[in-house]
$ cat upload.txt   # compact mmCIF, C-alpha atoms and all ligand atoms
# COMPACT_ATOMS: atom_id res chain seq x y z
CA MET A 1 -0.48 -89.33 -76.27
CA LYS A 2 -2.82 -87.35 -78.50
CA VAL A 3 -1.33 -84.69 -80.80
CA LEU A 4 -3.31 -81.90 -82.49
CA ILE A 5 -1.88 -80.25 -85.61
CA LEU A 6 -3.31 -76.94 -86.84
CA GLY A 7 -3.13 -76.37 -90.59
CA SER A 8 -4.11 -77.84 -93.93
CA GLY A 9 -1.11 -78.00 -96.25
CA GLY A 10 1.81 -80.17 -97.28
CA ARG A 11 3.76 -79.04 -94.22
CA GLU A 12 0.98 -80.32 -91.95
CA HIS A 13 0.75 -83.60 -93.88
CA ALA A 14 4.49 -84.12 -93.36
CA LEU A 15 4.14 -83.19 -89.68
CA ALA A 16 1.23 -85.63 -89.25
CA TRP A 17 3.23 -88.38 -90.98
CA ALA A 18 6.28 -87.79 -88.75
CA VAL A 19 4.19 -87.43 -85.57
CA LYS A 20 2.40 -90.69 -86.30
CA ARG A 21 5.75 -92.53 -86.42
CA SER A 22 6.46 -91.59 -82.79
CA PRO A 23 5.99 -94.55 -80.42
CA GLN A 24 4.52 -92.13 -77.83
CA VAL A 25 1.62 -91.12 -80.07
CA THR A 26 -1.72 -92.88 -79.94
CA GLU A 27 -3.83 -90.41 -81.91
CA VAL A 28 -3.23 -87.62 -84.42
CA VAL A 29 -5.93 -85.00 -84.99
CA CYS A 30 -5.52 -82.34 -87.68
CA ALA A 31 -7.61 -79.21 -88.05
CA PRO A 32 -8.75 -78.65 -90.70
CA GLY A 33 -6.43 -81.03 -92.62
CA ASN A 34 -6.90 -82.13 -96.24
CA GLY A 35 -7.54 -85.21 -98.38
CA GLY A 36 -4.10 -86.70 -97.76
CA ILE A 37 -3.91 -85.86 -94.07
CA ALA A 38 -7.27 -87.62 -93.62
CA GLN A 39 -5.45 -90.86 -94.45
CA VAL A 40 -3.08 -90.53 -91.45
CA ALA A 41 -5.06 -88.41 -88.97
CA ARG A 42 -8.60 -87.63 -87.88
CA CYS A 43 -9.47 -84.33 -89.55
CA VAL A 44 -11.85 -81.87 -87.88
CA PRO A 45 -13.02 -78.59 -89.38
CA VAL A 46 -11.78 -75.28 -87.98
CA ASN A 47 -11.23 -71.78 -89.32
CA LEU A 48 -7.54 -70.89 -88.84
CA ASN A 49 -8.59 -67.23 -88.73
CA ASP A 50 -10.86 -67.77 -85.71
CA LEU A 51 -8.91 -67.81 -82.46
CA ASP A 52 -11.91 -68.69 -80.26
CA ALA A 53 -12.89 -71.61 -82.51
CA MET A 54 -9.35 -73.03 -82.38
CA VAL A 55 -9.26 -72.72 -78.58
CA ARG A 56 -12.70 -74.37 -78.27
CA LEU A 57 -11.51 -77.24 -80.45
CA ALA A 58 -8.32 -77.72 -78.40
CA GLU A 59 -10.33 -77.58 -75.18
CA SER A 60 -12.66 -80.30 -76.37
CA GLU A 61 -9.86 -82.50 -77.77
CA ARG A 62 -7.45 -81.90 -74.81
CA PRO A 63 -4.32 -83.00 -76.76
CA ALA A 64 -1.06 -83.55 -74.88
CA LEU A 65 0.60 -81.37 -77.53
CA THR A 66 -0.67 -78.93 -80.17
CA ILE A 67 1.65 -78.15 -83.11
CA VAL A 68 0.87 -74.92 -84.93
CA GLY A 69 1.69 -75.15 -88.65
CA PRO A 70 0.98 -71.81 -90.35
CA GLU A 71 1.79 -68.22 -89.37
CA LEU A 72 -1.79 -66.94 -89.24
CA PRO A 73 -2.81 -68.63 -85.94
CA LEU A 74 0.56 -67.61 -84.44
CA SER A 75 -0.10 -63.98 -85.39
CA LEU A 76 -3.49 -64.20 -83.65
CA GLY A 77 -1.86 -65.44 -80.43
CA ILE A 78 -2.97 -69.10 -80.52
CA VAL A 79 0.00 -70.23 -78.41
CA ASP A 80 -0.69 -67.59 -75.72
CA ALA A 81 -4.38 -68.60 -75.68
CA LEU A 82 -3.71 -72.34 -75.42
CA GLN A 83 -1.16 -71.77 -72.64
CA GLN A 84 -3.76 -69.73 -70.74
CA HIS A 85 -6.04 -72.78 -70.95
CA GLY A 86 -3.29 -75.02 -69.57
CA LEU A 87 -2.62 -76.68 -72.93
CA ARG A 88 0.87 -77.47 -74.21
CA ALA A 89 1.47 -75.78 -77.57
CA PHE A 90 4.51 -75.84 -79.83
CA GLY A 91 5.20 -72.44 -81.41
CA PRO A 92 6.06 -68.88 -80.40
CA THR A 93 3.74 -66.48 -78.58
CA ARG A 94 2.22 -63.62 -80.54
CA ASP A 95 4.96 -61.22 -79.39
CA ALA A 96 7.75 -63.65 -80.24
CA ALA A 97 6.18 -64.35 -83.66
CA ARG A 98 6.79 -60.67 -84.54
CA LEU A 99 10.12 -61.89 -85.95
CA GLU A 100 7.93 -63.05 -88.85
CA THR A 101 4.80 -60.92 -88.60
CA SER A 102 6.60 -57.54 -88.72
CA LYS A 103 9.53 -57.08 -91.08
CA ALA A 104 10.24 -53.68 -89.47
CA PHE A 105 10.47 -55.32 -86.05
CA ALA A 106 12.74 -58.07 -87.43
CA LYS A 107 15.13 -55.61 -89.09
CA GLN A 108 15.33 -53.36 -86.03
CA PHE A 109 15.81 -56.43 -83.81
CA MET A 110 18.70 -57.65 -86.02
CA LYS A 111 20.29 -54.23 -85.82
CA ARG A 112 19.98 -54.15 -82.01
CA HIS A 113 21.66 -57.56 -81.76
CA GLN A 114 24.28 -57.18 -84.54
CA ILE A 115 22.83 -60.03 -86.60
CA PRO A 116 24.04 -59.84 -90.22
CA THR A 117 21.35 -58.58 -92.60
CA ALA A 118 20.98 -56.22 -95.57
CA ASN A 119 21.12 -52.46 -94.91
CA TYR A 120 17.63 -51.05 -94.67
CA ALA A 121 15.31 -48.20 -93.79
CA VAL A 122 11.86 -48.42 -92.19
CA CYS A 123 9.51 -45.77 -93.63
CA THR A 124 6.07 -44.73 -92.40
CA SER A 125 5.09 -42.49 -95.34
CA ALA A 126 5.78 -42.14 -99.05
CA ALA A 127 7.58 -38.83 -98.37
CA GLU A 128 9.93 -40.51 -95.88
CA LEU A 129 10.56 -43.27 -98.37
CA GLU A 130 11.29 -40.81 -101.19
CA GLU A 131 14.08 -39.39 -99.09
CA ALA A 132 15.40 -42.79 -97.97
CA VAL A 133 15.69 -44.32 -101.47
CA GLY A 134 18.36 -41.71 -102.25
CA TYR A 135 20.72 -43.62 -99.95
CA PHE A 136 20.26 -46.95 -101.80
CA HIS A 137 21.56 -48.16 -105.12
CA PRO A 138 19.09 -49.91 -107.46
CA PRO A 139 17.89 -52.58 -107.58
CA ILE A 140 16.08 -51.74 -104.36
CA VAL A 141 14.08 -54.29 -102.40
CA VAL A 142 10.74 -53.00 -101.10
CA LYS A 143 8.96 -55.03 -98.41
CA ALA A 144 5.52 -54.76 -96.84
CA ASP A 145 5.82 -54.81 -93.05
CA GLY A 146 3.07 -57.34 -92.36
CA LEU A 147 2.23 -60.91 -93.42
CA ALA A 148 1.63 -61.02 -97.17
CA ALA A 149 1.63 -64.75 -98.08
CA GLY A 150 4.83 -64.44 -100.12
CA LYS A 151 3.62 -61.40 -102.09
CA GLY A 152 5.08 -58.64 -99.92
CA VAL A 153 8.63 -58.45 -101.38
CA ILE A 154 9.14 -56.50 -104.59
CA ILE A 155 12.53 -56.04 -106.26
CA CYS A 156 12.53 -52.63 -107.96
CA PRO A 157 14.93 -51.80 -110.81
CA SER A 158 14.94 -48.03 -110.10
CA ARG A 159 14.40 -45.55 -107.25
CA HIS A 160 11.37 -44.20 -109.06
CA ILE A 161 9.75 -47.67 -109.21
CA ALA A 162 10.65 -48.27 -105.56
CA VAL A 163 8.75 -45.10 -104.57
CA GLU A 164 5.75 -46.07 -106.73
CA THR A 165 5.73 -49.58 -105.28
CA ALA A 166 5.86 -48.28 -101.74
CA GLN A 167 2.97 -45.91 -102.52
CA GLY A 168 1.00 -48.95 -103.70
CA LEU A 169 1.74 -50.72 -100.41
CA PHE A 170 0.74 -47.71 -98.29
CA SER A 171 -2.48 -47.13 -100.25
CA GLY A 172 -3.51 -50.80 -100.38
CA ALA A 173 -3.49 -50.83 -104.20
CA LEU A 174 -0.83 -53.57 -104.30
CA LEU A 175 -1.85 -56.11 -101.64
CA GLY A 176 -5.40 -55.10 -100.81
CA THR A 177 -4.39 -54.22 -97.25
CA THR A 178 -2.89 -50.86 -96.31
CA GLU A 179 0.58 -50.91 -94.81
CA THR A 180 1.59 -48.42 -92.12
CA LYS A 181 5.26 -49.33 -92.50
CA VAL A 182 7.34 -50.26 -95.52
CA VAL A 183 10.92 -51.54 -95.37
CA ILE A 184 13.41 -50.77 -98.14
CA GLU A 185 16.50 -52.85 -98.34
CA GLU A 186 19.80 -53.28 -100.11
CA PHE A 187 19.67 -55.98 -102.83
CA LEU A 188 21.77 -59.02 -101.93
CA GLU A 189 23.22 -61.59 -104.31
CA GLY A 190 24.07 -65.21 -103.64
CA ASP A 191 22.53 -68.64 -103.04
CA GLU A 192 19.56 -68.83 -100.70
CA VAL A 193 19.48 -71.40 -97.89
CA SER A 194 16.65 -72.15 -95.48
CA PHE A 195 18.25 -72.74 -92.07
CA LEU A 196 15.67 -73.99 -89.58
CA CYS A 197 16.31 -74.62 -85.88
CA LEU A 198 14.34 -75.92 -82.95
CA THR A 199 14.60 -73.85 -79.79
CA ASP A 200 13.25 -74.00 -76.25
CA GLY A 201 13.99 -70.31 -75.73
CA SER A 202 17.63 -70.81 -74.76
CA HIS A 203 19.07 -73.92 -76.39
CA VAL A 204 19.19 -74.09 -80.22
CA VAL A 205 19.37 -77.26 -82.36
CA PRO A 206 19.63 -76.95 -86.16
CA LEU A 207 17.59 -79.07 -88.57
CA VAL A 208 19.22 -80.13 -91.85
CA PRO A 209 19.38 -77.20 -94.31
CA ALA A 210 17.21 -76.97 -97.41
CA GLN A 211 17.01 -74.95 -100.60
CA ASP A 212 13.67 -73.75 -101.88
CA HIS A 213 12.66 -72.79 -105.45
CA LYS A 214 10.22 -69.88 -105.18
CA ARG A 215 9.59 -68.94 -108.82
CA ILE A 216 6.90 -70.66 -110.87
CA GLY A 217 9.01 -71.15 -114.00
CA GLU A 218 11.98 -73.34 -114.84
CA GLY A 219 15.32 -71.55 -114.65
CA ASP A 220 13.90 -69.46 -111.75
CA THR A 221 11.68 -67.29 -113.96
CA GLY A 222 8.19 -65.84 -113.55
CA PRO A 223 6.34 -64.77 -110.42
CA ASN A 224 7.06 -65.91 -106.87
CA THR A 225 4.98 -68.74 -105.40
CA GLY A 226 4.68 -70.36 -102.00
CA GLY A 227 7.48 -72.73 -103.17
CA MET A 228 7.64 -75.12 -106.14
CA GLY A 229 10.21 -77.55 -104.83
CA VAL A 230 13.01 -78.01 -102.39
CA TYR A 231 15.96 -80.27 -101.70
CA SER A 232 18.20 -81.04 -98.78
CA THR A 233 21.63 -82.68 -98.75
CA SER A 234 24.24 -83.35 -96.10
CA SER A 235 26.84 -81.43 -98.08
CA MET A 236 24.79 -78.28 -98.64
CA LEU A 237 26.48 -76.48 -95.77
CA GLU A 238 29.92 -77.43 -94.43
CA PRO A 239 29.94 -78.18 -90.68
CA HIS A 240 32.00 -75.03 -89.99
CA MET A 241 29.37 -72.94 -91.81
CA VAL A 242 26.57 -74.50 -89.74
CA GLU A 243 28.60 -73.62 -86.64
CA TRP A 244 29.06 -70.02 -87.87
CA ILE A 245 25.36 -69.56 -88.61
CA LEU A 246 24.45 -70.94 -85.19
CA ARG A 247 26.95 -68.72 -83.39
CA HIS A 248 26.33 -65.49 -85.31
CA ILE A 249 22.68 -65.74 -86.35
CA ALA A 250 20.48 -68.37 -84.68
CA GLU A 251 21.83 -68.25 -81.13
CA PRO A 252 22.04 -64.42 -80.93
CA THR A 253 18.45 -64.29 -82.21
CA VAL A 254 17.18 -66.62 -79.48
CA ARG A 255 19.31 -64.87 -76.84
CA GLY A 256 18.11 -61.44 -78.01
CA MET A 257 14.45 -62.47 -77.84
CA ALA A 258 14.95 -63.81 -74.30
CA GLU A 259 16.73 -60.59 -73.24
CA GLU A 260 13.81 -58.56 -74.58
CA ASP A 261 11.36 -60.62 -72.46
CA THR A 262 9.75 -62.27 -75.48
CA PRO A 263 11.44 -65.68 -75.39
CA PHE A 264 11.12 -67.49 -78.71
CA ILE A 265 10.07 -71.15 -78.45
CA GLY A 266 9.36 -73.21 -81.56
CA VAL A 267 10.92 -73.35 -85.00
CA LEU A 268 13.13 -70.42 -85.88
CA TYR A 269 13.41 -70.34 -89.66
CA CYS A 270 16.27 -68.17 -90.91
CA GLY A 271 16.02 -67.42 -94.64
CA LEU A 272 19.64 -66.72 -95.56
CA MET A 273 21.46 -65.30 -98.55
CA MET A 274 24.98 -66.71 -98.80
CA THR A 275 26.70 -63.53 -100.02
CA ALA A 276 30.32 -62.65 -100.77
CA ARG A 277 30.51 -61.10 -97.30
CA GLY A 278 29.02 -64.14 -95.58
CA PRO A 279 25.50 -65.31 -94.69
CA GLN A 280 22.93 -62.52 -94.29
CA VAL A 281 19.38 -62.91 -92.94
CA LEU A 282 16.75 -62.17 -95.61
CA GLU A 283 13.84 -62.98 -93.35
CA TYR A 284 12.76 -64.90 -90.30
CA ASN A 285 9.78 -67.21 -90.19
CA ALA A 286 8.37 -68.28 -86.86
CA ARG A 287 7.30 -71.77 -88.00
CA PHE A 288 8.19 -74.73 -90.19
CA GLY A 289 8.54 -73.78 -93.88
CA ASP A 290 6.43 -75.24 -96.64
CA PRO A 291 7.74 -77.18 -98.64
CA GLU A 292 11.07 -77.26 -96.70
CA THR A 293 9.45 -79.29 -93.91
CA GLN A 294 8.50 -82.09 -96.29
CA ALA A 295 12.13 -82.55 -97.47
CA ILE A 296 13.54 -82.07 -93.96
CA LEU A 297 11.24 -84.49 -92.13
CA VAL A 298 11.82 -87.41 -94.51
CA ARG A 299 15.48 -87.24 -93.40
CA LEU A 300 14.66 -87.21 -89.66
CA GLU A 301 15.35 -90.55 -87.98
CA SER A 302 14.70 -89.59 -84.35
CA ASP A 303 11.35 -88.92 -82.66
CA LEU A 304 9.86 -85.56 -83.73
CA VAL A 305 7.32 -85.50 -80.91
CA GLU A 306 10.06 -86.02 -78.31
CA ALA A 307 11.99 -83.06 -79.74
CA LEU A 308 8.98 -80.72 -79.97
CA THR A 309 7.84 -81.62 -76.46
CA ALA A 310 11.36 -80.97 -75.19
CA CYS A 311 11.18 -77.46 -76.72
CA VAL A 312 7.91 -76.65 -74.97
CA ASP A 313 9.15 -78.09 -71.66
CA GLY A 314 12.48 -76.22 -71.80
CA ARG A 315 14.71 -79.30 -71.96
CA LEU A 316 15.91 -79.30 -75.56
CA SER A 317 19.54 -79.65 -74.38
CA GLU A 318 18.70 -83.23 -73.33
CA THR A 319 17.51 -84.15 -76.83
CA GLU A 320 19.48 -85.11 -79.89
CA LEU A 321 18.21 -85.19 -83.45
CA ARG A 322 19.39 -87.98 -85.74
CA TRP A 323 19.34 -87.55 -89.53
CA ALA A 324 19.69 -89.88 -92.49
CA ASP A 325 22.79 -89.15 -94.56
CA GLY A 326 22.27 -88.57 -98.25
CA ALA A 327 19.59 -86.34 -99.72
CA SER A 328 15.92 -85.61 -100.08
CA ALA A 329 13.77 -83.68 -102.51
CA CYS A 330 10.21 -82.42 -102.77
CA VAL A 331 8.70 -81.46 -106.13
CA ILE A 332 5.39 -79.60 -106.03
CA ALA A 333 2.59 -80.46 -108.46
CA SER A 334 0.42 -77.38 -108.93
CA SER A 335 -2.76 -76.42 -110.75
CA SER A 336 -2.05 -74.66 -114.05
CA GLY A 337 -2.54 -70.92 -113.65
CA TYR A 338 -1.07 -70.83 -110.12
CA PRO A 339 0.08 -68.44 -108.60
CA GLY A 340 -2.63 -66.59 -110.53
CA SER A 341 -6.17 -67.96 -110.88
CA TYR A 342 -6.73 -71.68 -111.46
CA LYS A 343 -9.54 -74.24 -111.49
CA THR A 344 -10.06 -76.94 -108.85
CA GLY A 345 -12.16 -80.05 -108.30
CA PHE A 346 -10.22 -82.33 -110.69
CA PRO A 347 -9.79 -85.99 -109.69
CA ILE A 348 -6.20 -87.12 -109.08
CA THR A 349 -5.06 -90.58 -110.21
CA GLY A 350 -1.86 -92.57 -109.75
CA LEU A 351 -1.34 -91.67 -106.08
CA ASN A 352 -1.14 -95.29 -104.89
CA VAL A 353 1.34 -96.36 -107.55
CA ALA A 354 3.50 -93.28 -106.92
CA SER A 355 3.47 -93.78 -103.13
CA GLN A 356 4.61 -97.39 -103.42
CA LEU A 357 7.81 -96.55 -105.31
CA PRO A 358 10.96 -96.81 -103.16
CA GLY A 359 11.76 -93.78 -100.97
CA VAL A 360 8.59 -91.87 -101.97
CA GLN A 361 6.08 -90.03 -99.76
CA VAL A 362 3.38 -88.03 -101.48
CA PHE A 363 2.31 -85.19 -99.18
CA HIS A 364 -0.94 -83.39 -100.05
CA SER A 365 -1.10 -79.57 -100.09
CA GLY A 366 -4.43 -78.74 -101.69
CA THR A 367 -6.65 -81.80 -101.93
CA ALA A 368 -9.93 -83.11 -100.52
CA LEU A 369 -11.66 -86.49 -100.42
CA ARG A 370 -14.89 -86.52 -102.41
CA ASP A 371 -16.83 -89.81 -102.60
CA ASP A 372 -13.61 -91.76 -101.97
CA ALA A 373 -11.79 -89.90 -104.77
CA VAL A 374 -8.98 -87.41 -104.12
CA VAL A 375 -9.63 -84.10 -105.91
CA THR A 376 -7.65 -80.88 -106.31
CA THR A 377 -8.63 -77.91 -104.11
CA GLY A 378 -5.64 -75.57 -104.25
CA GLY A 379 -2.88 -73.94 -106.27
CA ARG A 380 -0.22 -76.17 -104.81
CA VAL A 381 -1.75 -79.66 -104.89
CA LEU A 382 0.87 -82.29 -103.98
CA GLY A 383 4.47 -82.44 -102.79
CA VAL A 384 6.15 -85.56 -104.16
CA THR A 385 8.85 -86.07 -101.54
CA THR A 386 11.69 -88.57 -101.76
CA SER A 387 14.87 -89.59 -100.04
CA GLY A 388 17.93 -91.23 -101.57
CA ASP A 389 21.62 -91.90 -101.10
CA THR A 390 22.42 -88.97 -103.40
CA LEU A 391 20.58 -85.90 -104.62
CA GLU A 392 20.52 -87.40 -108.12
CA GLN A 393 18.76 -90.49 -106.80
CA ALA A 394 16.27 -88.51 -104.72
CA LEU A 395 15.39 -86.29 -107.70
CA ALA A 396 15.12 -89.23 -110.12
CA ARG A 397 12.72 -90.93 -107.70
CA ALA A 398 10.62 -87.76 -107.39
CA TYR A 399 10.25 -87.35 -111.16
CA GLN A 400 9.55 -91.08 -111.64
CA ALA A 401 6.77 -90.86 -109.04
CA MET A 402 5.46 -87.62 -110.55
CA ALA A 403 5.13 -89.34 -113.94
CA GLU A 404 2.54 -91.69 -112.39
CA ILE A 405 0.34 -88.85 -111.10
CA ARG A 406 -2.33 -87.25 -113.27
CA PHE A 407 -4.92 -84.52 -112.92
CA ASP A 408 -6.29 -81.93 -115.35
CA GLY A 409 -3.88 -79.01 -115.65
CA ILE A 410 -1.02 -80.55 -113.62
CA TYR A 411 2.13 -78.39 -113.72
CA TYR A 412 5.48 -78.95 -112.05
CA ARG A 413 9.00 -77.66 -112.49
CA ARG A 414 11.34 -80.19 -114.05
CA ASP A 415 14.50 -78.49 -112.83
CA ILE A 416 14.30 -78.75 -109.04
CA GLY A 417 17.83 -79.13 -107.66
CA HIS A 418 19.37 -78.24 -111.05
CA ARG A 419 21.80 -75.71 -109.63
CA ALA A 420 23.10 -78.15 -107.04
CA LEU A 421 23.46 -80.93 -109.61
CA LYS A 422 25.40 -78.63 -111.92
CA HIS A 423 27.64 -77.75 -109.01
CA LEU A 424 28.13 -81.42 -108.01
CA ARG A 425 28.99 -82.39 -111.59
CA GLY A 426 31.43 -79.45 -111.80
P1 LIG B 501 11.40 -62.65 -97.84
O1 LIG B 501 9.91 -62.90 -97.71
O2 LIG B 501 11.90 -61.45 -97.13
O3 LIG B 501 12.25 -63.88 -97.67
O4 LIG B 501 11.60 -62.41 -99.38
C1 LIG B 501 11.15 -63.31 -100.37
C2 LIG B 501 12.24 -63.50 -101.40
O5 LIG B 501 12.64 -62.22 -101.94
C3 LIG B 501 13.52 -64.09 -100.84
O6 LIG B 501 13.46 -65.48 -100.77
C4 LIG B 501 14.54 -63.59 -101.83
O7 LIG B 501 14.54 -64.39 -102.99
C5 LIG B 501 14.03 -62.22 -102.19
N1 LIG B 501 14.66 -61.19 -101.34
C6 LIG B 501 14.25 -60.72 -100.14
N2 LIG B 501 15.10 -59.79 -99.65
C7 LIG B 501 16.08 -59.67 -100.56
C8 LIG B 501 17.28 -58.88 -100.64
N3 LIG B 501 17.60 -57.99 -99.68
N4 LIG B 501 18.06 -59.03 -101.72
C9 LIG B 501 17.73 -59.90 -102.72
N5 LIG B 501 16.64 -60.66 -102.70
C10 LIG B 501 15.81 -60.56 -101.65
$ encode --input "upload.txt" --output "structure tokens" --more "lines below"
Ligand code: AMP
Amino acid sequence: MKVLILGSGGREHALAWAVKRSPQVTEVVCAPGNGGIAQVARCVPVNLNDLDAMVRLAESERPALTIVGPELPLSLGIVDALQQHGLRAFGPTRDAARLETSKAFAKQFMKRHQIPTANYAVCTSAAELEEAVGYFHPPIVVKADGLAAGKGVIICPSRHIAVETAQGLFSGALLGTTETKVVIEEFLEGDEVSFLCLTDGSHVVPLVPAQDHKRIGEGDTGPNTGGMGVYSTSSMLEPHMVEWILRHIAEPTVRGMAEEDTPFIGVLYCGLMMTARGPQVLEYNARFGDPETQAILVRLESDLVEALTACVDGRLSETELRWADGASACVIASSSGYPGSYKTGFPITGLNVASQLPGVQVFHSGTALRDDAVVTTGGRVLGVTTSGDTLEQALARAYQAMAEIRFDGIYYRRDIGHRALKHLRG
């Protein structure tokens, strides 16, 4: 079968790599793809902002399955459109994707279905917000309602700053787009865990958990990024905790969406804070995470395409996922300056040597092929992804591979997984 993947980052490279391993797959097409994806799939140009162009491409390719990587096409209704053209697409419809595309919707949904989350208020004006902040204790978390590419959550040390921040979101001064709704939220403390599940709209199957590192600087300092590294281990969540999260968070979410006539099919990503009063949902994403997917998929032993097809066809209960024991890690190499401004176009060397080391897959996030050379094109450039018997081994392999890779201005965090290692060593 032919599989089409929409997207151009490390997540899509990992998806293309896993899809290609399926014995059912004869051809992988990725739109638009990148320099690394071009080595495992046929890349075709498309604008992920242009719904009609994506539909035209899918109509001409006629894949047996389309996998939607990023949130933007989901928010435009790509899955609805492909279904209308009789094409099988993995991902939620536009209405179901509101779990990610509207934080106000997600919070109100969680309240309706008693899903544990931080206390909150949804405000539609600065005056409303000024009143609401009085009920919260600083620090106060202020969130833009809509998609904001990781920039829409601001932790405010005082009520006054929370009001100012919200004003900036309403006016457009902060994100460049004006918000009609702003969510304020109680600040939660604990360890964050990314808990991703596959669902066919009724049955829910968890993937292995992962922990992301969002800040640019070592020791979790500096501004938030799209993710600088991630790891996954078998022992990250005890089996009883996985059971609890399924029973109290993931399954009620899927059931609630079905009850509200917007069944959710695809990857349900629950961003959790493991607090003193139990796991609380920080956010939902309606798609695979990046870079979580890279670390998760290198641990998957069973057929990804079989599982994703089973979701779309409503027979996930017949499918079982098999995982490698042990651990995996993904360390992101970025362009210096990211998440602010940075330069691109630098040639990358050492990729072949790094990729041949044991247990290593180098997934490309922001690269292109230029005259047979791989060059940088983005802020996040590569995700050096490894598996190992232990987290220590996986991380050692990642940093050994990273040492082989060179480009002008390369920056990566040297402390990915440090908290877990400290914990493991007692
Ligand atoms: P979100 O996009 O909602 O996941 O938020 C991005 C990041 O902001 C999260 O990964 C957390 O690190 C942080 N965050 C979001 N909500 C809260 C909260 N209620 N309390 C503390 N930190 C939060």
$ residues_near_ligand --input "upload.txt" --ligand "ligand LIG 501 (chain B)" --cutoff "7 Å" --atoms "all atoms listed in the file" --output "list in words"
Ala118, Val141, Gly150, Gly152, Val153, Glu185, Glu186, Phe187, Leu188, Glu189, Glu192, Gly271, Leu282 and Glu283 of chain A
$ residues_around --input "upload.txt" --residues "Ser8 of chain A" --least-positions-apart "3" --cutoff "9 Å" --atoms "only C-alpha atoms" --output "NGL selection string"
:A and (5 or 11-13 or 30-34 or 37 or 69-70 or 364-366)
$ atom_distance --input "upload.txt" --atom1 "atom CA of Pro73 of chain A" --atom2 "atom CA of Thr180 of chain A"
21.6 Å
$ residues_near_point --input "upload.txt" --point "(13.9, -70.4, -92.2)" --cutoff "8 Å" --atoms "only C-alpha atoms" --output "list of chain:residue names"
A:Ser194, A:Phe195, A:Leu196, A:Cys197, A:Leu268, A:Tyr269, A:Cys270, A:Gly271, A:Leu272, A:Glu283, A:Tyr284, A:Asn285, A:Ala286, A:Arg287, A:Phe288, A:Gly289
$ write_last_selection --input "upload.txt" --atoms "C-alpha atoms" --output "compact mmCIF listing (two decimals), in the frame of the given file"
# COMPACT_ATOMS: atom_id res chain seq x y z
CA SER A 194 16.65 -72.15 -95.48
CA PHE A 195 18.25 -72.74 -92.07
CA LEU A 196 15.67 -73.99 -89.58
CA CYS A 197 16.31 -74.62 -85.88
CA LEU A 268 13.13 -70.42 -85.88
CA TYR A 269 13.41 -70.34 -89.66
CA CYS A 270 16.27 -68.17 -90.91
CA GLY A 271 16.02 -67.42 -94.64
CA LEU A 272 19.64 -66.72 -95.56
CA GLU A 283 13.84 -62.98 -93.35
CA TYR A 284 12.76 -64.90 -90.30
CA ASN A 285 9.78 -67.21 -90.19
CA ALA A 286 8.37 -68.28 -86.86
CA ARG A 287 7.30 -71.77 -88.00
CA PHE A 288 8.19 -74.73 -90.19
CA GLY A 289 8.54 -73.78 -93.88
$ residues_around --input "upload.txt" --residues "Gly227 of chain A" --least-positions-apart "2" --cutoff "6 Å" --atoms "all atoms listed in the file" --output "JSON, numbers by chain"
{"A": [213, 214, 225, 229]}
$ residues_around --input "upload.txt" --residues "segment 244-248 of chain A" --least-positions-apart "4" --cutoff "8 Å" --atoms "all atoms listed in the file" --output "list in words"
Ile115, Pro116, Val204, Pro206, His240, Pro252 and Pro279 of chain A
$ closest_residue --input "upload.txt" --among "A:Ile184, A:Lys111, A:Lys143, A:Glu292" --to "Glu131 of chain A" --atoms "all atoms listed in the file"
A:Ile184
$ residues_around --input "upload.txt" --residues "Val298 of chain A" --least-positions-apart "2" --cutoff "9 Å" --atoms "only C-alpha atoms" --output "mmCIF file with C-alpha atoms, in the frame of the given file"
data_model
loop_
_atom_site.group_PDB
_atom_site.id
_atom_site.type_symbol
_atom_site.label_atom_id
_atom_site.label_comp_id
_atom_site.auth_asym_id
_atom_site.auth_seq_id
_atom_site.Cartn_x
_atom_site.Cartn_y
_atom_site.Cartn_z
ATOM 1 C CA ALA A 14 4.490 -84.120 -93.360
ATOM 2 C CA ALA A 18 6.280 -87.790 -88.750
ATOM 3 C CA THR A 293 9.450 -79.290 -93.910
ATOM 4 C CA GLN A 294 8.500 -82.090 -96.290
ATOM 5 C CA ALA A 295 12.130 -82.550 -97.470
ATOM 6 C CA ILE A 296 13.540 -82.070 -93.960
ATOM 7 C CA LEU A 300 14.660 -87.210 -89.660
ATOM 8 C CA GLU A 301 15.350 -90.550 -87.980
ATOM 9 C CA ALA A 324 19.690 -89.880 -92.490
ATOM 10 C CA SER A 328 15.920 -85.610 -100.080
ATOM 11 C CA GLN A 361 6.080 -90.030 -99.760
ATOM 12 C CA THR A 385 8.850 -86.070 -101.540
ATOM 13 C CA THR A 386 11.690 -88.570 -101.760
ATOM 14 C CA SER A 387 14.870 -89.590 -100.040
#
$ decode --input "upload.txt" --residues "segment 216-229 of chain A" --atoms "C-alpha atoms" --output "compact mmCIF listing (two decimals), in the first residue's frame"
# COMPACT_ATOMS: atom_id res chain seq x y z
CA ILE A 216 16.35 26.03 25.60
CA GLY A 217 18.91 26.06 28.41
CA GLU A 218 20.49 23.37 30.55
CA GLY A 219 18.90 22.97 33.97
CA ASP A 220 15.53 23.90 32.39
CA THR A 221 16.33 27.60 32.03
CA GLY A 222 15.59 30.21 29.35
CA PRO A 223 12.66 30.49 26.96
CA ASN A 224 10.36 27.66 25.88
CA THR A 225 11.05 25.91 22.57
CA GLY A 226 9.27 23.30 20.49
CA GLY A 227 11.24 20.71 22.53
CA MET A 228 15.00 20.20 22.96
CA GLY A 229 15.03 16.54 23.86
